[in-house]
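> Next up is a structure, given as structure tokens.
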Amino acid sequence: MPSCDPVTLEIIRGAARAAQAEMEALLERTAMSAFIREKKDFYTALFDAEGRMAVGSDLPIFGDIVGPVAEHFPIETMREGDLYWYNDCYGSRGAVSHSNDQVFLAPAFHDGRRVGFVMGWAHFSDIGGLRPGSISPDATDHFQEGIIIPPSRLMRDGQTNDDLLRTFWRNSRFPTQSQGDTRALMAAVRLGEKRLSEIAARFGSETLSDAFTQLLTRTEATIRAELAAIFPVGTTRFADTIDTDGHGNGPFTLRLALTRTEDDRFIFDATETDDQAPGPVNLLMHPDVPGMALGLYVLQRHPGQVLNAGAPAAIDEVRLRDGSLLAPRAPAPLGLRGVTMMRLLAALHGLVAVARHGEAPAAHSAYVVIALRGLAGGKHFLLSDGIGVGYGARPFADGTDAVYFVAQENYPVEFMELSYPVRLRTYAINRDSGGAGRYRGGCGVVREFEVLADTSMLAVRIDSVVNPPWGVAGGLNGGSGRAVVNGGRQLAPLSDGNMLKKGDVFRIETGGGGGWGHPFDRSVEDVLADVQGGFVSEEAAARDYGVAVTDGVLDATRTQALRASRATAGLFHRREYRDAVA
Amino acid sequence: MPSRDLLVAVDIGGTFTDVTLQDAATGQAWTAKTPSTPRDPSEGFITGVTQALTEAGRRPAEVARVLHGTTVATNMILEGRTAPTALLTTRGFRHVLEIGRADLPRRDNLWAWVKPKRPVPPGLVFEAGGRIAADGSELEALDEADIRAAARAARQAGVAAMAVCFLHAFANPAHERRALAILAEEVPELARTASVDVLPVVREYERSMAAVLNAAVMPAISGYIARLEARLDEAGVVAPLLLMKSNGGVAGAAAIRRAPAQTALSGPAAGVVGARAVCAAAGVADLITVDIGGTSADICLIAKGEIGLTQHGRVGPWPLPLPMVDMVTIGAGGGSIALLSENGSMTVGPQSAGADPGPACYGRGGTAATVTDAHLVLGHLPARLLGGRMALNASLARQAVQRVADGLGLPVDDAARGILAIADNNMVGAIRVVSVERGHDPRDFTLVPFGGAGPLHGCALADLLGINRVLVPPSPGVLCAEGLLAADLKAEFSRTVAQALEGAVTARLDGAFTALEAEAAAWFAQEAVAAEDRSTRRVALMRYEEQGHELPITWPIDGDLTALGLEFAAAHRGLYGFDLPSVAVEIVTLRVEAAGALPTPAASLPRGGDAAGAVTGHQTIRLPTGPIEAPIIDRALLGPGARFAGPAIVTQLDATTLVAPGWQARMDASGALLLTR
């Protein structure tokens, strides 16, 4: 007989969500780096007493967070007032997957009994390494990507190990930011710890424990049922490719296979994925990630369920191959793993598309990041700008335009011009980057910077240039991104060391999402509005949608003629209709 | 010349228009209730005013001022019914609204979220050449031909309003001013707004949205105000019409016509101002208000009598960075529906039965179990509401809750308690977030529940929060009227300065403040505020270098910047638990808060006797420990000092208060009901 009834369960879920909201409010208000406070690259989670994530953020990239700490500091030796910290990718088997992400973790107690853990997670803008910002396409070795903090005890009985903090700050090119962000994250975790203890005090440790267990089992059961509804017995396969590792290597292909056995076990197999890359696009994928990602996808039908460690439990086995792009061997560089991560998420939707004959979202572009560093007014600056892309169209709606990732915001133009030696000349929708379809893929953006610093060095990260995001169910592929200086000089999409001088103008165009459904099935009114709104050009409207518009005015007769003959669609589209994209 | 002592407060709800008439000298009050007239709300407005005057036997000429809170702008924005509007923006940035902050909300599912349609479609956004730099210098002259072309194209497209927002206008408004002048020549018939006139602060998307929303509601609000003024005129009321703003103050009709977006978040503000006034009369300065209506609850924390302002307000999905009363709204109210999921878990809200069909017990066809139904099942509500005019159907409530109980495998009483516990818990979570954001421990505060459903939840929320004092206002269901009557004229004047504290020159900042105070003086003159009623306050919005949020710090009288820095550090410590002594401090924005005091009407005091004489009956309350008989007490019969212990049900025209076991109630001389434990 469970000790937590459905009412108490909902109350505990609500209280856990409120604790997260409090932690996030504190973090957002006190953190210092723009990456955290403007872009909001931070997350929180609550865990049960054994360290299983019970209430997390809706982000599909978390692995087992507590395990790596428990390996070094047995859980039963932990005490009230402890605080743990790491960013060690290889030391956590990919629980964090690039070193800029700092994990702070505290056990929470009630009446001397451990009742759970609280996590605060945030991306720090610079932790040392090869280049300002710590992540560089030039890296060839993980040790070039900033200081590595193995699972460490930052606080014991409420006493801080200040030397550890000072060592960390000393390794940052921007120690004040690092200090401010550390303090903010520590304060947020302390607050969460207090709240979790209070929840335990209110309902009792047993009830809380049972509530967390129920949240985990419910999530697992929901996801299993959804996966069983999507995937037939047998093996579903999908493969897709990233362009390059920025060092002249590639393409690299991810080959995924999801098997549902006769007895409804799910086995995820990525062993046929290509070998690891010399450049930093390797994704040290925690085995929990496929379950988290598919879980987030299927939970869209269940808004009351939380994404937690029940999701990975819905996949019975995850098979990876050491030395592959998804399970690289140390010290392969990892900094740009976002490129591979984003393609992996789309590829998981590709599995759904194959199983459901197109009833799945089309692919999205990988988010784009640039880093501009240099000296201005005698001060070193680092502008890390995460730039939105287009997401895939869905069987029920257009893809989302100009989004980076969950919960992450852009830098306002006015904020950038006040804070960095740049002037923005345009920030707009990247026309025609959204894949054509009955539902249009989301569009990427154009951001054009004029450099005001005397000299600076630019790093660029754009994927899906050679292999644009696929369309599905008759939808066309999305557009690609590119980076250009002064209207002519094309930069390699994954490159660092691009020197710029004062007055140079660099333009970043980001890719869009694939379309869903045949473009001729999109209403003429919607296409016309897209043309008038600058999302679709008149040429593309005629070519892809069969809608004739001249100077913003619809030509109904020509439209009818254009739409009279339509090509037969295939399941996927990348430059042409095809049954598989890679 | 008749004496002009009458104040009129008009609150237009979805179903009824409530008018309160008060004699400022004696405090005597009259109320009128008349059906709202959604097609032309001014009709119900004037009917109510006339009715109240007749009731009081007073003449229209005796009215000194008419106060009104309107949700016309809010509803238009929420329902997407704003006027067709164009936006003029800096060349290269026509998609400023479409891109926004790329803010796919944190709690939404990435794959399910659909971007909401902007209030201005991208086809109606026009670009103009010309550029101001971040420091306010002009980089490129304004291209006036672009503006004229845009004006013509906008007219061609049939818009009714036009907004202008150029980059860095907060640092130098010259281009926006010029553009506005050109639009006045080219399209005089259109409503027009420049972003700097709404709020000159940094961040172009938020400021553009504020300008757009302001322009988009302007035609309707202008027409609405004109109709109100005409009707008042016809009725012989010559008093000024003042409207409630989001900041908790009121402003004259002329000011609202220019900046109608200022009313967009005003709905819940009046209640908060009313709560503060009621608490001040009872000697309570630290309070947390919970305004529980049919679909939502608004929560606000007031420390030391001061209503905090925020510029992070939202209307639906849109940011509206205008100073508004700092509160949070959650989807939990009397009409919130209890839903069971496929795997047997239960949620309460945000879906609501609303006013129509309403809770099952209203007998209007609703079958879903709501919070109100749960109260009725547990005996928290009397059989009739609104002074007996509205009967509640207990068996319908029971049937609805029974269905939930069956799904959960629980007895019906337990299911009802579960529905309330979940709703209470959601509110407690929101109260905690408000508290941490403002750096306070809720236990140091008095809980003030109001709204139709608030006083049913007061004791339960206080129990959960560890709060020992609950204050139920005299008329918890119509506190908006109290707020309107208690509000002062208020306006803020701000300028982004973005300047390091170290090396700041007092004289320069002083100059900026003086300029803002000149704007305030002009506003005072326009609102005809007498010299002795004027007050201004200088506030600096400060942060540590590279933080993203500012704290408002009162400017030291002598402008001592060292003292200012220390004050900021202390505030940061108090709010967040730490300060950063080695980090530079920045002054981001200067703000002058101007208030024109309006005379506070005298309060009307309770005139009843002791509690024993106020008992009108008994009713069974179903506690977890078993059923218990509780007295039903008519609040109107309670006099100052009357005391009784929970459990008890206190009835009055506009709300029902549940005094839980373990709580003591006392009628305060001010008319507030104080509950302690």
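A note on labels: chains of the structure tokens are A, B, ... as shown, every chain counts residues from 1, and ligands are counted from 1 in their shown order.
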May I have the residues within 6 Å of A:His518 as a list in words, using only C-alpha atoms and disregarding those fewer than 2 positions away in the same chain?
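Near neighbours after the sequence-gap exclusion: Gly437, Arg438, Gly474, Gly475, Phe520 and Asp521 of chain A.
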> Write out as a list of chain:residue names which residues come within 12 Å of A:Val531 when counting only C-alpha atoms, dropping same-chain ones fewer than 6 positions away.
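Counting only C-alpha atoms, the residues come to A:Ile429, A:Arg431, A:Asp432, A:Val524, A:Glu525, A:Ser537, A:Glu538, A:Glu539, A:Ala540, A:Ala541, A:Ala542, A:Tyr545, A:Val547, A:Ala548, A:Val549, A:Thr550, A:Asp551, A:Gly552, A:Val553, A:Leu554, B:Pro121, B:Pro122, B:Gly123.
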> Keeping only N, CA and C atoms, write the selected residues as a PDB file, in the first residue's frame.

```
ATOM      1  N   ILE A 429      14.423  37.735 -39.718  1.00  0.00           N
ATOM      2  CA  ILE A 429      14.117  36.368 -40.149  1.00  0.00           C
ATOM      3  C   ILE A 429      14.920  36.053 -41.419  1.00  0.00           C
ATOM      4  N   ARG A 431      14.920  34.718 -44.613  1.00  0.00           N
ATOM      5  CA  ARG A 431      13.875  34.368 -45.568  1.00  0.00           C
ATOM      6  C   ARG A 431      14.184  33.068 -46.305  1.00  0.00           C
ATOM      7  N   ASP A 432      13.192  32.284 -46.518  1.00  0.00           N
ATOM      8  CA  ASP A 432      13.277  31.004 -47.254  1.00  0.00           C
ATOM      9  C   ASP A 432      14.066  29.919 -46.527  1.00  0.00           C
ATOM     10  N   VAL A 524      -3.294  29.186 -49.719  1.00  0.00           N
ATOM     11  CA  VAL A 524      -2.734  30.311 -50.470  1.00  0.00           C
ATOM     12  C   VAL A 524      -2.596  31.541 -49.568  1.00  0.00           C
ATOM     13  N   GLU A 525      -3.568  31.734 -48.689  1.00  0.00           N
ATOM     14  CA  GLU A 525      -3.532  32.897 -47.788  1.00  0.00           C
ATOM     15  C   GLU A 525      -2.301  32.850 -46.884  1.00  0.00           C
ATOM     16  N   SER A 537      10.190  34.112 -50.085  1.00  0.00           N
ATOM     17  CA  SER A 537      10.355  35.016 -51.228  1.00  0.00           C
ATOM     18  C   SER A 537       9.308  34.691 -52.289  1.00  0.00           C
ATOM     19  N   GLU A 538       9.122  35.612 -53.190  1.00  0.00           N
ATOM     20  CA  GLU A 538       8.151  35.374 -54.263  1.00  0.00           C
ATOM     21  C   GLU A 538       8.609  34.214 -55.151  1.00  0.00           C
ATOM     22  N   GLU A 539       9.921  34.096 -55.332  1.00  0.00           N
ATOM     23  CA  GLU A 539      10.437  32.992 -56.152  1.00  0.00           C
ATOM     24  C   GLU A 539      10.111  31.652 -55.485  1.00  0.00           C
ATOM     25  N   ALA A 540      10.391  31.571 -54.182  1.00  0.00           N
ATOM     26  CA  ALA A 540      10.156  30.307 -53.483  1.00  0.00           C
ATOM     27  C   ALA A 540       8.665  29.994 -53.403  1.00  0.00           C
ATOM     28  N   ALA A 541       7.859  31.047 -53.274  1.00  0.00           N
ATOM     29  CA  ALA A 541       6.411  30.830 -53.212  1.00  0.00           C
ATOM     30  C   ALA A 541       5.935  30.144 -54.496  1.00  0.00           C
ATOM     31  N   ALA A 542       6.460  30.614 -55.625  1.00  0.00           N
ATOM     32  CA  ALA A 542       6.057  30.023 -56.905  1.00  0.00           C
ATOM     33  C   ALA A 542       6.667  28.631 -57.066  1.00  0.00           C
ATOM     34  N   TYR A 545       5.722  26.357 -53.411  1.00  0.00           N
ATOM     35  CA  TYR A 545       4.324  26.304 -52.968  1.00  0.00           C
ATOM     36  C   TYR A 545       3.335  26.372 -54.129  1.00  0.00           C
ATOM     37  N   VAL A 547       2.471  29.086 -55.584  1.00  0.00           N
ATOM     38  CA  VAL A 547       1.650  30.274 -55.355  1.00  0.00           C
ATOM     39  C   VAL A 547       2.352  31.456 -56.017  1.00  0.00           C
ATOM     40  N   ALA A 548       1.660  32.085 -56.949  1.00  0.00           N
ATOM     41  CA  ALA A 548       2.260  33.181 -57.695  1.00  0.00           C
ATOM     42  C   ALA A 548       1.946  34.515 -57.038  1.00  0.00           C
ATOM     43  N   VAL A 549       2.996  35.205 -56.639  1.00  0.00           N
ATOM     44  CA  VAL A 549       2.836  36.517 -56.025  1.00  0.00           C
ATOM     45  C   VAL A 549       3.794  37.462 -56.732  1.00  0.00           C
ATOM     46  N   THR A 550       3.278  38.610 -57.137  1.00  0.00           N
ATOM     47  CA  THR A 550       4.140  39.600 -57.763  1.00  0.00           C
ATOM     48  C   THR A 550       3.990  40.918 -57.022  1.00  0.00           C
ATOM     49  N   ASP A 551       5.105  41.449 -56.551  1.00  0.00           N
ATOM     50  CA  ASP A 551       5.104  42.698 -55.776  1.00  0.00           C
ATOM     51  C   ASP A 551       4.079  42.643 -54.646  1.00  0.00           C
ATOM     52  N   GLY A 552       4.009  41.511 -54.034  1.00  0.00           N
ATOM     53  CA  GLY A 552       3.130  41.376 -52.866  1.00  0.00           C
ATOM     54  C   GLY A 552       1.678  41.094 -53.202  1.00  0.00           C
ATOM     55  N   VAL A 553       1.364  40.985 -54.515  1.00  0.00           N
ATOM     56  CA  VAL A 553      -0.035  40.772 -54.897  1.00  0.00           C
ATOM     57  C   VAL A 553      -0.198  39.373 -55.485  1.00  0.00           C
ATOM     58  N   LEU A 554      -1.241  38.697 -55.049  1.00  0.00           N
ATOM     59  CA  LEU A 554      -1.491  37.320 -55.476  1.00  0.00           C
ATOM     60  C   LEU A 554      -2.005  37.278 -56.919  1.00  0.00           C
TER      61      LEU A 554
ATOM     62  N   PRO B 121       1.010  41.807 -37.530  1.00  0.00           N
ATOM     63  CA  PRO B 121       1.620  40.822 -38.436  1.00  0.00           C
ATOM     64  C   PRO B 121       2.852  41.429 -39.100  1.00  0.00           C
ATOM     65  N   PRO B 122       3.804  40.580 -39.499  1.00  0.00           N
ATOM     66  CA  PRO B 122       5.057  41.121 -40.042  1.00  0.00           C
ATOM     67  C   PRO B 122       4.853  41.965 -41.291  1.00  0.00           C
ATOM     68  N   GLY B 123       3.780  41.718 -42.010  1.00  0.00           N
ATOM     69  CA  GLY B 123       3.513  42.518 -43.201  1.00  0.00           C
ATOM     70  C   GLY B 123       3.174  43.962 -42.877  1.00  0.00           C
TER      71      GLY B 123
END
```
> Run DSSP on the backbone and give me the residues of stretch 584-677 of chain B it puts in strand (DSSP E or B), as a count of residues only.
53
> Could you check the closest approach to A:Arg563 for each of A:Met186, A:Asp579, A:Gln20, A:Pro519 and tell me which residue wins, using only C-alpha atoms?
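Using only C-alpha atoms, the shortest distance to A:Arg563 belongs to A:Pro519.
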> Write out as an MDAnalysis selection string each polymer residue whose atoms come within 7 Å of stretch 648-662 of chain B, counting only C-alpha atoms; drop sequence neighbours fewer than 5 positions from it.
chainID B and resid 380:381 386:387 452:453 455:456 459 475:478 630:636 677
> Output the selection as an mmCIF file, in the first residue's frame - N, CA and C atoms for each residue.

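Output contents, as saved in selection22.cif:
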```
data_model
loop_
_atom_site.group_PDB
_atom_site.id
_atom_site.type_symbol
_atom_site.label_atom_id
_atom_site.label_comp_id
_atom_site.auth_asym_id
_atom_site.auth_seq_id
_atom_site.Cartn_x
_atom_site.Cartn_y
_atom_site.Cartn_z
ATOM 1 N N HIS B 380 -18.553 24.348 3.965
ATOM 2 C CA HIS B 380 -17.895 25.641 4.192
ATOM 3 C C HIS B 380 -18.743 26.812 3.732
ATOM 4 N N LEU B 381 -19.743 26.516 2.904
ATOM 5 C CA LEU B 381 -20.552 27.593 2.334
ATOM 6 C C LEU B 381 -21.988 27.456 2.821
ATOM 7 N N LEU B 386 -25.010 35.773 -1.855
ATOM 8 C CA LEU B 386 -25.471 37.100 -2.266
ATOM 9 C C LEU B 386 -26.689 37.544 -1.455
ATOM 10 N N GLY B 387 -26.582 37.372 -0.133
ATOM 11 C CA GLY B 387 -27.670 37.808 0.732
ATOM 12 C C GLY B 387 -28.955 37.047 0.459
ATOM 13 N N GLY B 452 -14.137 37.045 -4.156
ATOM 14 C CA GLY B 452 -15.283 36.252 -3.723
ATOM 15 C C GLY B 452 -14.890 34.989 -2.984
ATOM 16 N N ALA B 453 -13.804 34.329 -3.422
ATOM 17 C CA ALA B 453 -13.457 33.029 -2.852
ATOM 18 C C ALA B 453 -12.333 33.108 -1.822
ATOM 19 N N PRO B 455 -11.711 34.558 1.282
ATOM 20 C CA PRO B 455 -11.837 34.312 2.725
ATOM 21 C C PRO B 455 -12.172 32.859 3.092
ATOM 22 N N LEU B 456 -12.537 32.043 2.095
ATOM 23 C CA LEU B 456 -12.725 30.620 2.387
ATOM 24 C C LEU B 456 -11.380 29.925 2.575
ATOM 25 N N CYS B 459 -7.544 30.764 6.286
ATOM 26 C CA CYS B 459 -6.962 29.989 7.388
ATOM 27 C C CYS B 459 -6.107 28.843 6.862
ATOM 28 N N SER B 475 -15.264 44.413 3.141
ATOM 29 C CA SER B 475 -16.038 43.947 1.981
ATOM 30 C C SER B 475 -15.104 43.216 1.045
ATOM 31 N N PRO B 476 -14.737 41.972 1.368
ATOM 32 C CA PRO B 476 -13.684 41.290 0.609
ATOM 33 C C PRO B 476 -14.049 41.075 -0.854
ATOM 34 N N GLY B 477 -15.331 41.022 -1.165
ATOM 35 C CA GLY B 477 -15.730 40.742 -2.545
ATOM 36 C C GLY B 477 -15.686 41.971 -3.432
ATOM 37 N N VAL B 478 -15.700 43.150 -2.844
ATOM 38 C CA VAL B 478 -15.705 44.369 -3.659
ATOM 39 C C VAL B 478 -14.575 45.309 -3.244
ATOM 40 N N ALA B 630 -21.035 24.141 13.385
ATOM 41 C CA ALA B 630 -20.408 25.463 13.434
ATOM 42 C C ALA B 630 -21.485 26.525 13.325
ATOM 43 N N PRO B 631 -21.311 27.618 14.057
ATOM 44 C CA PRO B 631 -22.292 28.690 13.945
ATOM 45 C C PRO B 631 -22.140 29.434 12.621
ATOM 46 N N ILE B 632 -23.255 29.908 12.099
ATOM 47 C CA ILE B 632 -23.214 30.825 10.953
ATOM 48 C C ILE B 632 -23.399 32.220 11.525
ATOM 49 N N ILE B 633 -22.449 33.086 11.247
ATOM 50 C CA ILE B 633 -22.450 34.421 11.854
ATOM 51 C C ILE B 633 -22.632 35.467 10.766
ATOM 52 N N ASP B 634 -23.581 36.359 10.980
ATOM 53 C CA ASP B 634 -23.821 37.446 10.026
ATOM 54 C C ASP B 634 -22.866 38.590 10.355
ATOM 55 N N ARG B 635 -21.961 38.848 9.453
ATOM 56 C CA ARG B 635 -20.912 39.822 9.729
ATOM 57 C C ARG B 635 -21.475 41.220 10.003
ATOM 58 N N ALA B 636 -22.579 41.530 9.354
ATOM 59 C CA ALA B 636 -23.155 42.866 9.518
ATOM 60 C C ALA B 636 -23.615 43.105 10.945
ATOM 61 N N ARG B 677 -4.177 32.804 15.707
ATOM 62 C CA ARG B 677 -4.143 31.478 16.334
ATOM 63 C C ARG B 677 -2.945 31.399 17.248
#
```
> Where does DSSP see alpha helix (DSSP H) in stretch 22-256 of chain B, if you list the residues as a PyMOL selection string?
chain B and resi 41-56+72-78+96-99+144-156+174-186+195-198+204-234+253-256
> Name the residues in contact with stretch 565-567 of chain A at a cut-off of 9 Å, using only C-alpha atoms, excluding same-chain residues fewer than 3 positions from it; report them as a list in words.
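In the requested form, the answer reads Phe520, Gly546, Ala561 and Leu562 of chain A.
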> Which value, in Å to one decimal, gives the distance between atom CA of A:Ala188 and atom CA of A:Gln159?
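Between atom CA of A:Ala188 and atom CA of A:Gln159 the gap is 16.6 Å.
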> Kindly indicate which residue among B:Val272, B:Ala83, B:Ala416, B:Ala338 lies nearest to B:Glu306, using only C-alpha atoms for the distances.
B:Val272
> Counting only C-alpha atoms, which residues of chain B sit at most 6 Å from some atom of chain A, and what is each one's closest atom pair with its distance in Å to one decimal, listed by chain and rising residue number, as a tab-separated table?

```
residue	atom	partner	partner_atom	distance
B:Gly92	CA	A:Thr426	CA	4.2
B:Phe93	CA	A:Tyr427	CA	5.4
B:His95	CA	A:Ala428	CA	5.2
B:Ile99	CA	A:Ala402	CA	5.9
B:Arg101	CA	A:Glu409	CA	5.2
B:Ala102	CA	A:Val403	CA	4.8
B:Asp103	CA	A:Glu409	CA	5.1
B:Leu104	CA	A:Ala407	CA	5.3
B:Pro105	CA	A:Ala407	CA	5.2
B:Arg106	CA	A:Ala407	CA	4.3
B:Leu110	CA	A:Val406	CA	5.9
B:Ala112	CA	A:Gln300	CA	5.8
B:Pro122	CA	A:Gly533	CA	4.4
B:Gly123	CA	A:Gly533	CA	4.2
B:Ala134	CA	A:Leu418	CA	5.7
B:Arg203	CA	A:Glu414	CA	5.6
B:Ser345	CA	A:Pro6	CA	5.5
B:Gly418	CA	A:Val7	CA	5.3
B:Ile422	CA	A:Ile11	CA	5.5
B:Gly429	CA	A:Ala18	CA	5.0
B:Val433	CA	A:Glu22	CA	5.2
B:Glu546	CA	A:Met32	CA	5.1
B:Gln547	CA	A:Met32	CA	4.4
B:Gly548	CA	A:Arg37	CA	5.6
B:His549	CA	A:Arg29	CA	5.3
```
> Determine, counting only C-alpha atoms, which protein, DNA and RNA residues have an atom within 12 Å of an atom of B:Pro173; residues of the same chain fewer than 4 positions away are not included. Present the result as a list in words.
Arg131, Ile132, Ala133, Ala134, Asp135, Gly136, Ser137, Glu138, Leu142, Val164, Cys165, Phe166, Leu167, His168, Ala169, Arg177, Arg178, Ala179, Leu180, Ala194, Ser195, Val196, Asp197, Val198, Leu199, Pro200, Val201, Arg495 and Thr496 of chain B
> Could you list, as a PyMOL selection string, every residue within 10 Å of B:Tyr224, counting only C-alpha atoms and ignoring same-chain residues fewer than 5 positions away?
chain B and resi 40-42+70+72+218-219+229-230+257
> Okay, now the selection with C-alpha atoms, as a short mmCIF file (atom, residue, chain, number, x, y, z; two decimals), in the first residue's frame?

```cif
data_model
loop_
_atom_site.label_atom_id
_atom_site.label_comp_id
_atom_site.auth_asym_id
_atom_site.auth_seq_id
_atom_site.Cartn_x
_atom_site.Cartn_y
_atom_site.Cartn_z
CA ASP B 40 -21.35 49.43 -24.58
CA PRO B 41 -20.14 49.27 -20.98
CA SER B 42 -20.76 53.02 -20.56
CA THR B 70 -11.37 49.18 -16.61
CA VAL B 72 -11.30 46.99 -21.68
CA MET B 218 -5.81 53.47 -28.17
CA PRO B 219 -8.76 53.84 -30.58
CA GLU B 229 -17.42 61.48 -20.30
CA ALA B 230 -20.39 62.22 -22.53
CA ARG B 257 -5.97 58.38 -23.65
#
```
> Between atom CA of A:Arg173 and atom CA of A:Gly91, what is the distance, to one decimal in Å?
24.2 Å
> Could you check which of A:Arg224, A:His98, A:Arg319, A:His286 is closest to A:Arg265, using only C-alpha atoms?
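Residue with the minimum atom-to-atom distance to A:Arg265: A:Arg224.
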